[in-house]
$ cat coords_22.cif   # mmCIF, C-alpha atoms and all ligand atoms
data_work
#
loop_
_atom_site.label_atom_id
_atom_site.label_comp_id
_atom_site.auth_asym_id
_atom_site.auth_seq_id
_atom_site.Cartn_x
_atom_site.Cartn_y
_atom_site.Cartn_z
CA MET A 844 -6.46 30.80 -8.68
CA SER A 845 -8.73 28.74 -6.46
CA ALA A 846 -7.46 25.54 -4.86
CA THR A 847 -8.48 22.08 -6.04
CA ARG A 848 -8.61 18.70 -4.37
CA SER A 849 -8.30 16.86 -7.66
CA VAL A 850 -5.18 15.09 -8.91
CA ASN A 851 -4.12 13.43 -12.11
CA PHE A 852 -2.24 10.24 -11.31
CA THR A 853 -0.89 7.96 -14.07
CA GLY A 854 -3.22 9.70 -16.50
CA LEU A 855 -6.35 9.09 -14.40
CA ASP A 856 -8.36 11.99 -12.98
CA PHE A 857 -9.12 11.57 -9.27
CA ALA A 858 -11.54 13.90 -7.46
CA ASN A 859 -9.09 13.83 -4.52
CA PRO A 860 -5.87 11.93 -3.73
CA PHE A 861 -7.53 9.47 -1.30
CA LEU A 862 -8.27 5.82 -2.16
CA LEU A 863 -9.34 2.72 -0.28
CA SER A 864 -6.66 0.05 -0.66
CA SER A 865 -7.17 -3.55 -1.72
CA ALA A 866 -8.56 -5.19 1.43
CA PRO A 867 -11.87 -5.96 3.24
CA PRO A 868 -13.25 -2.41 2.66
CA THR A 869 -13.25 -3.14 -1.09
CA GLU A 870 -14.25 -6.82 -1.00
CA SER A 871 -17.85 -6.35 -2.20
CA GLU A 872 -20.05 -4.27 -4.48
CA SER A 873 -22.03 -2.84 -1.56
CA ASN A 874 -18.86 -1.75 0.26
CA ILE A 875 -17.43 -0.04 -2.84
CA LEU A 876 -20.72 1.76 -3.55
CA ARG A 877 -20.83 2.96 0.07
CA ALA A 878 -17.21 4.07 -0.20
CA PHE A 879 -17.92 6.19 -3.27
CA GLU A 880 -21.00 7.68 -1.63
CA ALA A 881 -18.81 8.60 1.35
CA GLY A 882 -16.40 10.54 -0.89
CA TRP A 883 -13.44 8.26 -1.65
CA ALA A 884 -12.08 9.24 -5.08
CA GLY A 885 -11.03 5.71 -5.90
CA VAL A 886 -10.87 2.15 -4.72
CA VAL A 887 -8.52 -0.73 -5.38
CA THR A 888 -10.60 -3.89 -5.32
CA LYS A 889 -9.74 -6.76 -3.01
CA THR A 890 -7.24 -8.81 -5.05
CA ILE A 891 -8.84 -11.01 -7.72
CA GLY A 892 -7.18 -14.28 -8.78
CA LEU A 893 -7.88 -17.48 -10.70
CA HIS A 894 -6.43 -20.03 -8.25
CA PRO A 895 -8.52 -21.63 -5.45
CA VAL A 896 -8.71 -19.58 -2.23
CA VAL A 897 -9.72 -21.06 1.12
CA ASN A 898 -9.12 -18.99 4.23
CA VAL A 899 -8.15 -20.33 7.67
CA VAL A 900 -10.78 -21.28 10.26
CA GLY A 901 -11.83 -18.34 12.46
CA ALA A 902 -10.70 -14.72 12.44
CA LYS A 903 -8.78 -13.55 9.38
CA ALA A 904 -7.83 -10.17 10.86
CA LYS A 905 -7.50 -8.66 14.35
CA PHE A 906 -6.33 -5.41 15.89
CA MET A 907 -3.56 -4.89 18.42
CA ARG A 908 -3.83 -2.16 21.00
CA THR A 909 -1.33 -0.61 23.39
CA SER A 910 -1.98 0.79 26.86
CA PRO A 911 -0.32 4.02 28.00
CA GLU A 912 0.68 2.81 31.47
CA ASP A 913 2.79 -0.20 30.46
CA ALA A 914 3.11 0.02 26.64
CA CYS A 915 1.76 -3.51 26.53
CA VAL A 916 0.75 -4.57 23.01
CA SER A 917 -2.05 -7.10 22.80
CA MET A 918 -5.10 -8.16 20.80
CA LYS A 919 -7.07 -8.28 24.05
CA LYS A 920 -9.61 -5.50 24.29
CA ARG A 921 -9.12 -3.26 27.32
CA PRO A 922 -10.31 0.19 28.31
CA GLY A 923 -8.14 3.17 27.45
CA ALA A 924 -5.94 1.26 25.02
CA ALA A 925 -5.01 2.89 21.71
CA LEU A 926 -4.77 1.25 18.31
CA HIS A 927 -1.29 -0.10 17.61
CA SER A 928 -1.79 -2.12 14.41
CA SER A 929 -3.86 -4.57 12.45
CA TRP A 930 -2.70 -8.15 12.00
CA ASN A 931 -4.09 -10.40 9.28
CA TRP A 932 -3.58 -13.67 7.51
CA GLU A 933 -6.41 -13.20 5.05
CA LEU A 934 -5.82 -14.48 1.53
CA ILE A 935 -6.95 -12.64 -1.61
CA SER A 936 -10.66 -12.48 -2.56
CA ASP A 937 -12.40 -15.83 -2.23
CA LYS A 938 -14.82 -14.70 -4.96
CA THR A 939 -14.19 -15.77 -8.56
CA LEU A 940 -13.37 -13.57 -11.52
CA ASP A 941 -16.87 -14.33 -12.87
CA TRP A 942 -18.34 -13.04 -9.61
CA TRP A 943 -16.33 -9.81 -9.87
CA LEU A 944 -16.84 -8.85 -13.52
CA PRO A 945 -20.57 -7.92 -13.48
CA ARG A 946 -19.99 -6.10 -10.20
CA ILE A 947 -17.15 -4.00 -11.63
CA ARG A 948 -19.45 -3.18 -14.57
CA ARG A 949 -22.32 -2.10 -12.28
CA ILE A 950 -20.11 -0.06 -9.96
CA LYS A 951 -18.63 1.87 -12.90
CA GLN A 952 -22.12 2.47 -14.31
CA ALA A 953 -23.25 3.87 -10.96
CA PHE A 954 -20.09 5.99 -10.44
CA PRO A 955 -18.52 6.69 -13.86
CA ASP A 956 -16.44 9.57 -12.45
CA ARG A 957 -14.84 7.60 -9.64
CA ILE A 958 -11.79 5.46 -10.24
CA LEU A 959 -11.88 1.70 -9.85
CA ILE A 960 -8.55 -0.10 -9.94
CA ALA A 961 -8.71 -3.89 -10.15
CA SER A 962 -6.10 -5.61 -8.02
CA ILE A 963 -5.07 -8.87 -9.68
CA MET A 964 -2.77 -11.78 -8.90
CA ALA A 965 -1.61 -14.99 -10.57
CA GLY A 966 1.51 -17.16 -10.50
CA SER A 967 4.67 -16.56 -12.45
CA GLY A 968 6.29 -19.96 -12.90
CA ASN A 969 5.35 -20.61 -16.53
CA ASP A 970 3.66 -19.21 -19.64
CA LYS A 971 0.23 -20.42 -18.52
CA GLU A 972 0.53 -18.29 -15.37
CA LEU A 973 1.60 -15.25 -17.37
CA GLN A 974 -1.46 -15.82 -19.56
CA ASN A 975 -3.55 -15.89 -16.37
CA TRP A 976 -2.27 -12.39 -15.54
CA GLN A 977 -3.21 -11.28 -19.05
CA ARG A 978 -6.67 -12.83 -18.80
CA LEU A 979 -7.32 -11.11 -15.47
CA ALA A 980 -6.08 -7.81 -16.92
CA ARG A 981 -8.18 -8.03 -20.10
CA ASP A 982 -11.36 -9.17 -18.36
CA CYS A 983 -11.19 -6.50 -15.64
CA GLN A 984 -10.46 -3.66 -18.05
CA ASP A 985 -13.20 -4.87 -20.42
CA ALA A 986 -15.61 -4.76 -17.47
CA GLY A 987 -14.69 -1.10 -16.94
CA ALA A 988 -11.76 -1.06 -14.52
CA ASP A 989 -9.83 2.20 -14.95
CA GLY A 990 -6.51 0.66 -14.00
CA LEU A 991 -4.80 -2.47 -12.71
CA GLU A 992 -2.78 -3.03 -9.56
CA LEU A 993 -0.51 -6.07 -9.70
CA ASN A 994 -0.28 -7.79 -6.33
CA PHE A 995 3.45 -8.51 -5.89
CA SER A 996 3.05 -8.17 -2.15
CA CYS A 997 0.63 -10.62 -0.48
CA PRO A 998 2.68 -11.90 2.48
CA HIS A 999 0.72 -15.13 3.03
CA MET A 1000 1.55 -17.19 -0.04
CA ASP A 1001 3.17 -20.62 0.30
CA ARG A 1002 3.56 -20.69 -3.48
CA ARG A 1003 7.04 -19.52 -4.44
CA ASP A 1004 5.74 -17.93 -7.65
CA MET A 1005 3.04 -15.71 -6.13
CA GLY A 1006 2.42 -12.58 -4.05
CA SER A 1007 5.36 -11.19 -2.10
CA ASN A 1008 7.56 -13.94 -3.55
CA ILE A 1009 7.24 -12.14 -6.91
CA GLY A 1010 7.96 -8.82 -5.17
CA LYS A 1011 11.23 -10.24 -3.79
CA ASP A 1012 12.49 -11.27 -7.24
CA GLN A 1013 13.40 -8.54 -9.68
CA GLY A 1014 13.33 -10.93 -12.64
CA LEU A 1015 9.75 -11.99 -11.91
CA CYS A 1016 8.68 -8.37 -11.25
CA SER A 1017 9.88 -7.40 -14.70
CA VAL A 1018 8.52 -10.41 -16.58
CA VAL A 1019 5.03 -10.25 -15.04
CA THR A 1020 4.73 -6.47 -15.48
CA GLU A 1021 5.77 -6.78 -19.10
CA ALA A 1022 3.24 -9.57 -19.72
CA VAL A 1023 0.42 -7.49 -18.21
CA LYS A 1024 1.48 -4.38 -20.14
CA GLU A 1025 1.19 -6.37 -23.37
CA ALA A 1026 -2.49 -6.96 -22.60
CA ALA A 1027 -3.35 -3.74 -20.79
CA THR A 1028 -4.89 -0.65 -22.30
CA VAL A 1029 -5.21 1.02 -18.87
CA PRO A 1030 -2.50 2.16 -16.42
CA VAL A 1031 -0.67 -0.60 -14.54
CA TRP A 1032 0.46 -0.11 -10.94
CA CYS A 1033 2.69 -2.62 -9.12
CA LYS A 1034 2.15 -3.08 -5.37
CA LEU A 1035 5.48 -4.17 -3.91
CA THR A 1036 6.20 -6.02 -0.70
CA PRO A 1037 8.15 -4.09 1.95
CA ALA A 1038 9.82 -7.41 2.91
CA THR A 1039 12.85 -6.86 0.76
CA ALA A 1040 16.23 -5.35 1.53
CA ASP A 1041 16.42 -2.87 -1.30
CA ILE A 1042 12.96 -2.08 -2.63
CA GLU A 1043 14.32 0.20 -5.34
CA VAL A 1044 15.76 -2.88 -7.07
CA GLU A 1045 12.31 -4.43 -7.52
CA ALA A 1046 10.76 -1.05 -8.34
CA GLY A 1047 13.36 -0.52 -11.06
CA ALA A 1048 12.50 -3.94 -12.49
CA CYS A 1049 8.79 -3.07 -12.54
CA PHE A 1050 9.51 0.21 -14.31
CA ARG A 1051 11.66 -1.63 -16.87
CA GLY A 1052 8.65 -3.90 -17.43
CA GLY A 1053 6.55 -0.82 -18.15
CA ALA A 1054 4.86 -0.10 -14.79
CA ASP A 1055 3.07 3.26 -14.59
CA ALA A 1056 3.34 3.50 -10.79
CA ILE A 1057 4.64 1.73 -7.70
CA VAL A 1058 2.41 1.22 -4.67
CA SER A 1059 3.89 0.65 -1.19
CA SER A 1060 3.39 -0.76 1.39
CA ASN A 1061 1.44 -3.93 1.80
CA THR A 1062 1.51 -5.29 5.36
CA PHE A 1063 4.83 -6.17 6.99
CA PRO A 1064 5.55 -9.85 7.86
CA SER A 1065 4.83 -10.45 11.54
CA ILE A 1066 3.50 -12.98 14.03
CA PRO A 1067 1.03 -12.39 16.84
CA LEU A 1068 2.20 -12.15 20.45
CA ILE A 1069 2.11 -15.08 22.86
CA ASP A 1070 -0.32 -14.74 25.76
CA PRO A 1071 1.77 -14.90 28.98
CA ASP A 1072 -1.02 -16.75 30.85
CA THR A 1073 -2.04 -19.40 28.33
CA LEU A 1074 1.28 -19.50 26.42
CA GLU A 1075 -0.79 -19.60 23.22
CA PHE A 1076 -0.50 -17.18 20.31
CA GLU A 1077 -3.20 -14.52 20.64
CA ILE A 1078 -4.56 -15.67 17.29
CA ASN A 1079 -4.09 -19.30 16.33
CA VAL A 1080 -5.87 -22.32 14.88
CA ASP A 1081 -5.36 -25.53 16.88
CA GLY A 1082 -2.40 -23.80 18.57
CA LEU A 1083 -0.71 -23.08 15.25
CA VAL A 1084 0.02 -19.78 13.55
CA SER A 1085 1.84 -18.71 10.40
CA SER A 1086 3.42 -15.42 9.43
CA GLY A 1087 0.84 -12.73 8.77
CA GLY A 1088 0.81 -9.05 7.90
CA LEU A 1089 1.06 -5.98 10.14
CA GLY A 1090 -0.77 -2.78 9.13
CA GLY A 1091 -1.99 0.42 10.80
CA PRO A 1092 -0.17 3.04 12.91
CA ALA A 1093 2.76 0.73 13.78
CA ILE A 1094 3.92 0.56 10.16
CA LEU A 1095 3.64 4.26 9.33
CA PRO A 1096 7.34 5.17 9.83
CA LEU A 1097 8.46 1.86 8.31
CA SER A 1098 6.39 2.42 5.20
CA LEU A 1099 7.51 6.05 4.95
CA ALA A 1100 11.11 4.81 4.90
CA LYS A 1101 10.31 2.46 1.99
CA MET A 1102 8.54 5.26 0.16
CA ALA A 1103 11.39 7.71 0.74
CA GLN A 1104 13.81 5.19 -0.74
CA LEU A 1105 11.55 4.79 -3.78
CA THR A 1106 10.79 8.44 -4.49
CA ARG A 1107 14.43 9.45 -4.10
CA ALA A 1108 15.57 6.71 -6.48
CA PHE A 1109 12.89 7.58 -9.08
CA PRO A 1110 11.94 11.24 -8.57
CA GLU A 1111 10.16 11.49 -11.93
CA ARG A 1112 7.95 8.42 -11.40
CA SER A 1113 4.50 7.98 -9.83
CA PHE A 1114 3.95 6.53 -6.37
CA SER A 1115 0.91 5.68 -4.26
CA GLY A 1116 1.60 5.54 -0.51
CA ILE A 1117 -0.04 3.17 1.98
CA GLY A 1118 0.51 2.36 5.63
CA GLY A 1119 -0.89 3.77 8.85
CA ILE A 1120 -2.96 6.58 7.34
CA SER A 1121 -6.07 7.65 9.25
CA ASP A 1122 -5.76 11.41 9.08
CA PHE A 1123 -4.47 14.12 6.73
CA SER A 1124 -1.26 14.62 8.70
CA GLN A 1125 -0.11 11.09 7.85
CA ALA A 1126 -1.22 11.40 4.23
CA LEU A 1127 0.75 14.66 4.07
CA SER A 1128 3.99 12.89 5.01
CA TYR A 1129 3.58 10.55 2.02
CA ILE A 1130 2.75 13.45 -0.32
CA LEU A 1131 5.70 15.55 0.91
CA LEU A 1132 7.91 12.55 0.08
CA GLY A 1133 6.54 12.51 -3.48
CA CYS A 1134 3.37 10.38 -3.55
CA GLY A 1135 0.59 11.49 -5.90
CA THR A 1136 -2.12 9.44 -4.19
CA VAL A 1137 -2.45 7.60 -0.87
CA GLN A 1138 -4.48 4.55 0.16
CA VAL A 1139 -6.11 3.48 3.43
CA CYS A 1140 -7.06 0.09 4.90
CA THR A 1141 -6.87 -0.43 8.70
CA ALA A 1142 -8.42 2.93 9.67
CA ALA A 1143 -11.32 2.33 7.26
CA MET A 1144 -11.91 -1.20 8.59
CA LEU A 1145 -12.43 0.30 12.05
CA ASP A 1146 -14.78 3.03 10.78
CA GLN A 1147 -18.00 1.40 9.58
CA ALA A 1148 -16.02 -0.93 7.29
CA VAL A 1149 -15.40 1.68 4.55
CA GLY A 1150 -14.18 4.73 6.49
CA PRO A 1151 -16.87 7.43 5.99
CA ASN A 1152 -15.39 9.48 8.84
CA VAL A 1153 -11.84 8.82 7.73
CA ILE A 1154 -12.48 10.27 4.25
CA LYS A 1155 -14.34 13.20 5.80
CA ARG A 1156 -11.27 13.94 7.98
CA LEU A 1157 -8.86 13.52 5.06
CA LEU A 1158 -10.83 15.95 2.88
CA ALA A 1159 -11.27 18.50 5.67
CA GLY A 1160 -7.55 18.24 6.45
CA LEU A 1161 -6.57 18.79 2.81
CA ASP A 1162 -8.94 21.77 2.46
CA ALA A 1163 -7.65 23.39 5.66
CA PHE A 1164 -4.03 22.79 4.62
CA LEU A 1165 -4.57 24.37 1.18
CA GLU A 1166 -6.32 27.31 2.77
CA ARG A 1167 -3.45 27.76 5.24
CA HIS A 1168 -1.01 27.86 2.33
CA ALA A 1169 -3.09 29.95 -0.07
CA ALA A 1170 -0.71 32.87 0.48
CA ASP A 1171 2.17 30.62 -0.67
CA GLY A 1172 0.32 30.19 -3.96
CA TRP A 1173 -0.38 26.52 -3.32
CA THR A 1174 -3.40 25.45 -5.35
CA GLY A 1175 -3.41 21.67 -4.97
CA VAL A 1176 -1.41 18.56 -4.18
CA GLU A 1177 1.11 19.24 -6.97
CA SER A 1178 2.11 22.48 -5.20
CA PHE A 1179 3.67 20.57 -2.30
CA ARG A 1180 4.22 17.03 -3.59
CA GLY A 1181 7.80 15.93 -3.03
CA LEU A 1182 8.75 19.07 -1.10
CA ARG A 1183 10.62 17.09 1.58
CA ARG A 1184 11.98 14.27 -0.60
CA ASP A 1185 15.48 15.70 -0.78
CA ARG A 1186 15.78 16.27 2.97
CA ILE A 1187 16.75 12.62 3.48
CA VAL A 1188 20.51 12.38 3.22
CA ALA A 1189 23.44 10.23 4.35
CA GLN A 1190 24.31 10.26 8.10
CA SER A 1191 27.55 12.07 7.31
CA GLU A 1192 25.60 14.97 5.82
CA ILE A 1193 23.79 15.66 9.11
CA ARG A 1194 25.38 18.45 11.15
CA ARG A 1195 27.27 17.38 14.29
CA PRO A 1196 29.19 19.40 16.91
CA ASP A 1197 32.56 18.16 15.61
CA ALA A 1198 32.15 17.74 11.87
CA ALA A 1199 35.91 17.48 11.28
CA GLY A 1200 36.16 14.57 13.72
CA TYR A 1201 33.69 12.32 11.89
CA HIS A 1202 34.62 10.39 8.75
CA SER A 1203 31.38 8.50 8.05
CA GLY A 1204 32.37 5.97 10.69
CA TYR A 1205 35.72 5.12 9.07
CA GLU A 1206 39.02 5.27 10.92
CA VAL A 1207 41.11 8.30 10.03
CA THR A 1208 43.80 7.10 7.65
CA GLU A 1209 47.20 8.18 8.85
CA GLY A 1210 50.50 8.78 7.09
CA TYR A 1211 51.14 8.95 3.36
CA ALA A 1212 47.84 7.18 2.33
CA GLY A 1213 45.88 9.57 4.56
CA ALA A 1214 47.45 12.61 2.98
CA GLU A 1215 46.32 11.43 -0.43
CA THR A 1216 42.62 11.27 0.36
C1 LIG B 1 -7.47 -7.98 6.43
C2 LIG B 1 -6.60 -7.41 5.36
C3 LIG B 1 -6.67 -7.94 4.06
C4 LIG B 1 -5.86 -7.43 3.04
N1 LIG B 1 -5.97 -7.93 1.77
C5 LIG B 1 -5.21 -7.42 0.77
C6 LIG B 1 -5.36 -7.87 -0.57
O1 LIG B 1 -6.18 -8.73 -0.90
N2 LIG B 1 -4.55 -7.33 -1.53
C7 LIG B 1 -3.62 -6.34 -1.25
O2 LIG B 1 -2.92 -5.86 -2.15
N3 LIG B 1 -3.48 -5.88 0.03
C8 LIG B 1 -4.24 -6.40 1.02
N4 LIG B 1 -4.12 -5.89 2.31
C9 LIG B 1 -3.11 -4.82 2.59
C10 LIG B 1 -3.74 -3.43 2.57
O3 LIG B 1 -4.27 -3.09 1.32
C11 LIG B 1 -2.69 -2.36 2.98
O4 LIG B 1 -1.64 -2.39 2.02
C12 LIG B 1 -2.10 -2.57 4.37
O5 LIG B 1 -3.08 -2.99 5.27
C13 LIG B 1 -1.40 -1.31 4.90
O6 LIG B 1 -2.32 -0.23 4.99
P1 LIG B 1 -2.97 0.24 6.42
O7 LIG B 1 -1.83 0.55 7.32
O8 LIG B 1 -3.83 1.40 6.07
O9 LIG B 1 -3.76 -0.94 6.91
C14 LIG B 1 -4.95 -6.39 3.34
C15 LIG B 1 -4.88 -5.86 4.64
C16 LIG B 1 -5.69 -6.36 5.64
C17 LIG B 1 -5.60 -5.76 7.02
#
$ encode --input "coords_22.cif" --output "structure tokens" --more "lines below"
Ligand SMILES: Cc1cc2nc3c(=O)[nH]c(=O)nc-3n(C[C@H](O)[C@H](O)[C@H](O)COP(=O)(O)O)c2cc1C
Amino acid sequence: MSATRSVNFTGLDFANPFLLSSAPPTESESNILRAFEAGWAGVVTKTIGLHPVVNVVGAKAKFMRTSPEDACVSMKKRPGAALHSSWNWELISDKTLDWWLPRIRRIKQAFPDRILIASIMAGSGNDKELQNWQRLARDCQDAGADGLELNFSCPHMDRRDMGSNIGKDQGLCSVVTEAVKEAATVPVWCKLTPATADIEVEAGACFRGGADAIVSSNTFPSIPLIDPDTLEFEINVDGLVSSGGLGGPAILPLSLAKMAQLTRAFPERSFSGIGGISDFSQALSYILLGCGTVQVCTAAMLDQAVGPNVIKRLLAGLDAFLERHAADGWTGVESFRGLRRDRIVAQSEIRRPDAAGYHSGYEVTEGYAGAET
């Protein structure tokens, strides 16, 4: 049997498991069309909302680099430095729903076989806000969106009932997902914030609300570094900064840890992995942990805005990997998805030179009580 790049994820057929995530690469019709031409199987649009959006003055996103000689991390450009991360405080799309709808329609007409997921976001404090979620869901799916991604993860919201503040509250996760599912005829994915102690709690709440998949991670809360010469934050407006989001290589192991927690807690469910992917080797880690698709932002932003070389590398990497494992009978992503999920165990289950001497960190109980255990 010949190998295939294609995957079915939450009932949708993707030409390959690689998507552009909701971010600047998917903020416009021209970007999304270019992305599909380049070979991305799907895109998640920049998040669409109904509330007013006004971004800060100046740069909304920057990149941090690190130099090999001193491991210094800085936004300052310098020769020989390697990418460390992206940092952003960009809000959701500043374009209205009415701006987006005809564009979603045209994109789907031009590329009916590619998958367009509309990322949406509203509040959650009252019935009117839940109706806003439903309106966004209905309008986007009527325009042709193949699926919906609920943004429970934007780290920049002051509003307590929006973005990552929903993703930190299992009750809100459940209620909003359920409200959207009432209106949705297409699959519903929930993108959770990594800024929570026990992400499986919120994921469980989303699944109880009817979610078809969990997406993780959005950017991690972070602040820029302070310049040692000027004593100013490397990115600031009038000397002030607020918490923003870290993406790119620096979050890869952090995001993998979140994903491992999720896929182990819900081995039968669907997951889309994001964070620090620029090459097939990183995508592979997510797939081996159980993800059915993966999404890319920072690497694409740095590669002609939509990542034509990134998708080329991802596809070539997948093809080469499948070829290398043809003798194992591997014919596609499903052949190796989740293969390493069960290798993550408790500390006490890891071999040590003196296994008998270790009791998961507890003191050895002596005497009569000890004999009983
Ligand atoms: C400038 C910028 C804007 C973003 N905007 C959104 C957004 O509107 N909605 C969303 O769900 N995620 C947004 N993200 C998060 C990305 O989709 C992605 O989850 C995150 O950057 C981690 O992936 P990466 O390591 O490939 O960058 C944004 C990220 C960046 C850098």
$ residues_around --input "coords_22.cif" --residues "region 973-985 of chain A" --least-positions-apart "4" --cutoff "7 Å" --atoms "only C-alpha atoms" --output "ChimeraX atom specification"
/A:944,961,963-965,967,969,989,991,1019,1022-1023,1026-1027
$ closest_residue --input "coords_22.cif" --among "A:Gly968, A:Gly1150, A:Gly1200, A:Gly854" --to "ligand LIG 1 (chain B)" --atoms "all atoms listed in the file"
A:Gly1150
$ closest_atom_pairs --input "coords_22.cif" --of "chain A" --to "ligand LIG 1 (chain B)" --cutoff "7 Å" --atoms "all atoms listed in the file" --output "tab-separated table"
residue	atom	partner	partner_atom	distance
A:Ser864	CA	B:LIG1	O3	4.4
A:Ser865	CA	B:LIG1	O3	4.2
A:Ala866	CA	B:LIG1	N1	3.8
A:Pro867	CA	B:LIG1	C3	5.6
A:Lys889	CA	B:LIG1	O1	4.6
A:Thr890	CA	B:LIG1	O1	4.3
A:Lys903	CA	B:LIG1	C1	6.4
A:Ala904	CA	B:LIG1	C1	5.0
A:Ser929	CA	B:LIG1	C17	5.8
A:Trp930	CA	B:LIG1	C17	6.2
A:Asn931	CA	B:LIG1	C1	5.0
A:Trp932	CA	B:LIG1	C1	7.0
A:Glu933	CA	B:LIG1	C3	5.4
A:Leu934	CA	B:LIG1	O1	6.3
A:Ile935	CA	B:LIG1	O1	4.0
A:Ser936	CA	B:LIG1	O1	6.1
A:Ser962	CA	B:LIG1	O2	6.7
A:Asn994	CA	B:LIG1	O2	5.3
A:Ser996	CA	B:LIG1	O2	6.4
A:Cys997	CA	B:LIG1	C7	6.1
A:Lys1034	CA	B:LIG1	O2	6.6
A:Ser1060	CA	B:LIG1	O4	5.3
A:Asn1061	CA	B:LIG1	O4	3.5
A:Thr1062	CA	B:LIG1	C12	4.6
A:Gly1090	CA	B:LIG1	O7	3.9
A:Gly1091	CA	B:LIG1	O7	3.5
A:Pro1092	CA	B:LIG1	O7	6.3
A:Ile1094	CA	B:LIG1	O7	6.4
A:Leu1095	CA	B:LIG1	O7	6.9
A:Ile1117	CA	B:LIG1	O6	5.1
A:Gly1118	CA	B:LIG1	O7	3.4
A:Gly1119	CA	B:LIG1	O7	3.7
A:Ile1120	CA	B:LIG1	O8	5.4
A:Gln1138	CA	B:LIG1	O8	6.7
A:Val1139	CA	B:LIG1	O8	4.1
A:Cys1140	CA	B:LIG1	O8	3.7
A:Thr1141	CA	B:LIG1	O9	3.6
A:Ala1142	CA	B:LIG1	O8	6.0
$ atom_distance --input "coords_22.cif" --atom1 "CA of Arg1107 (chain A)" --atom2 "CA of Gly1181 (chain A)"
9.3 Å
$ atom_distance --input "coords_22.cif" --atom1 "CA of Arg877 (chain A)" --atom2 "CA of Met907 (chain A)"
26.4 Å
$ atom_distance --input "coords_22.cif" --atom1 "CA of Leu862 (chain A)" --atom2 "CA of Arg1112 (chain A)"
18.8 Å
$ closest_residue --input "coords_22.cif" --among "A:Glu1043, A:Asp1072, A:Asp1162, A:Asp1197" --to "Phe1109 (chain A)" --atoms "all atoms listed in the file"
A:Glu1043
$ residues_around --input "coords_22.cif" --residues "region 1169-1175 of chain A" --least-positions-apart "6" --cutoff "10 Å" --atoms "all atoms listed in the file" --output "ChimeraX atom specification"
/A:844-850,859,1161-1163
$ write_last_selection --input "coords_22.cif" --atoms "C-alpha atoms" --output "mmCIF file, in the frame of the given file"
data_model
loop_
_atom_site.group_PDB
_atom_site.id
_atom_site.type_symbol
_atom_site.label_atom_id
_atom_site.label_comp_id
_atom_site.auth_asym_id
_atom_site.auth_seq_id
_atom_site.Cartn_x
_atom_site.Cartn_y
_atom_site.Cartn_z
ATOM 1 C CA MET A 844 -6.460 30.800 -8.680
ATOM 2 C CA SER A 845 -8.730 28.740 -6.460
ATOM 3 C CA ALA A 846 -7.460 25.540 -4.860
ATOM 4 C CA THR A 847 -8.480 22.080 -6.040
ATOM 5 C CA ARG A 848 -8.610 18.700 -4.370
ATOM 6 C CA SER A 849 -8.300 16.860 -7.660
ATOM 7 C CA VAL A 850 -5.180 15.090 -8.910
ATOM 8 C CA ASN A 859 -9.090 13.830 -4.520
ATOM 9 C CA LEU A 1161 -6.570 18.790 2.810
ATOM 10 C CA ASP A 1162 -8.940 21.770 2.460
ATOM 11 C CA ALA A 1163 -7.650 23.390 5.660
#
$ closest_residue --input "coords_22.cif" --among "A:Thr853, A:Pro1064, A:Glu870, A:Thr939" --to "Ala1148 (chain A)" --atoms "all atoms listed in the file"
A:Glu870
$ closest_residue --input "coords_22.cif" --among "A:Pro955, A:Pro922, A:Pro1110, A:Gly892" --to "Asp937 (chain A)" --atoms "all atoms listed in the file"
A:Gly892
$ residues_around --input "coords_22.cif" --residues "Ile947 (chain A)" --least-positions-apart "5" --cutoff "7 Å" --atoms "only C-alpha atoms" --output "NGL selection string"
:A and (986-988)
$ residues_around --input "coords_22.cif" --residues "Phe852 (chain A)" --least-positions-apart "5" --cutoff "8 Å" --atoms "only C-alpha atoms" --output "ChimeraX atom specification"
/A:857,1113,1135-1136
$ decode --input "coords_22.cif" --residues "region 859-876 of chain A" --atoms "C-alpha atoms" --output "PDB file, in the first residue's frame"
ATOM      1  CA  ASN A 859      -1.566  16.918   4.845  1.00  0.00           C
ATOM      2  CA  PRO A 860      -1.433  17.452   8.622  1.00  0.00           C
ATOM      3  CA  PHE A 861       0.066  20.975   8.404  1.00  0.00           C
ATOM      4  CA  LEU A 862      -1.927  24.171   9.061  1.00  0.00           C
ATOM      5  CA  LEU A 863      -1.159  27.834   9.558  1.00  0.00           C
ATOM      6  CA  SER A 864      -2.375  28.905  12.992  1.00  0.00           C
ATOM      7  CA  SER A 865      -4.549  31.903  13.799  1.00  0.00           C
ATOM      8  CA  ALA A 866      -2.102  34.823  13.606  1.00  0.00           C
ATOM      9  CA  PRO A 867      -0.646  37.396  11.137  1.00  0.00           C
ATOM     10  CA  PRO A 868      -0.039  34.737   8.412  1.00  0.00           C
ATOM     11  CA  THR A 869      -3.831  34.260   8.191  1.00  0.00           C
ATOM     12  CA  GLU A 870      -4.936  37.868   8.748  1.00  0.00           C
ATOM     13  CA  SER A 871      -5.924  38.604   5.119  1.00  0.00           C
ATOM     14  CA  GLU A 872      -7.407  37.057   1.995  1.00  0.00           C
ATOM     15  CA  SER A 873      -4.181  37.509   0.032  1.00  0.00           C
ATOM     16  CA  ASN A 874      -2.108  35.795   2.729  1.00  0.00           C
ATOM     17  CA  ILE A 875      -4.478  32.815   2.937  1.00  0.00           C
ATOM     18  CA  LEU A 876      -4.577  32.421  -0.854  1.00  0.00           C
TER      19      LEU A 876
END
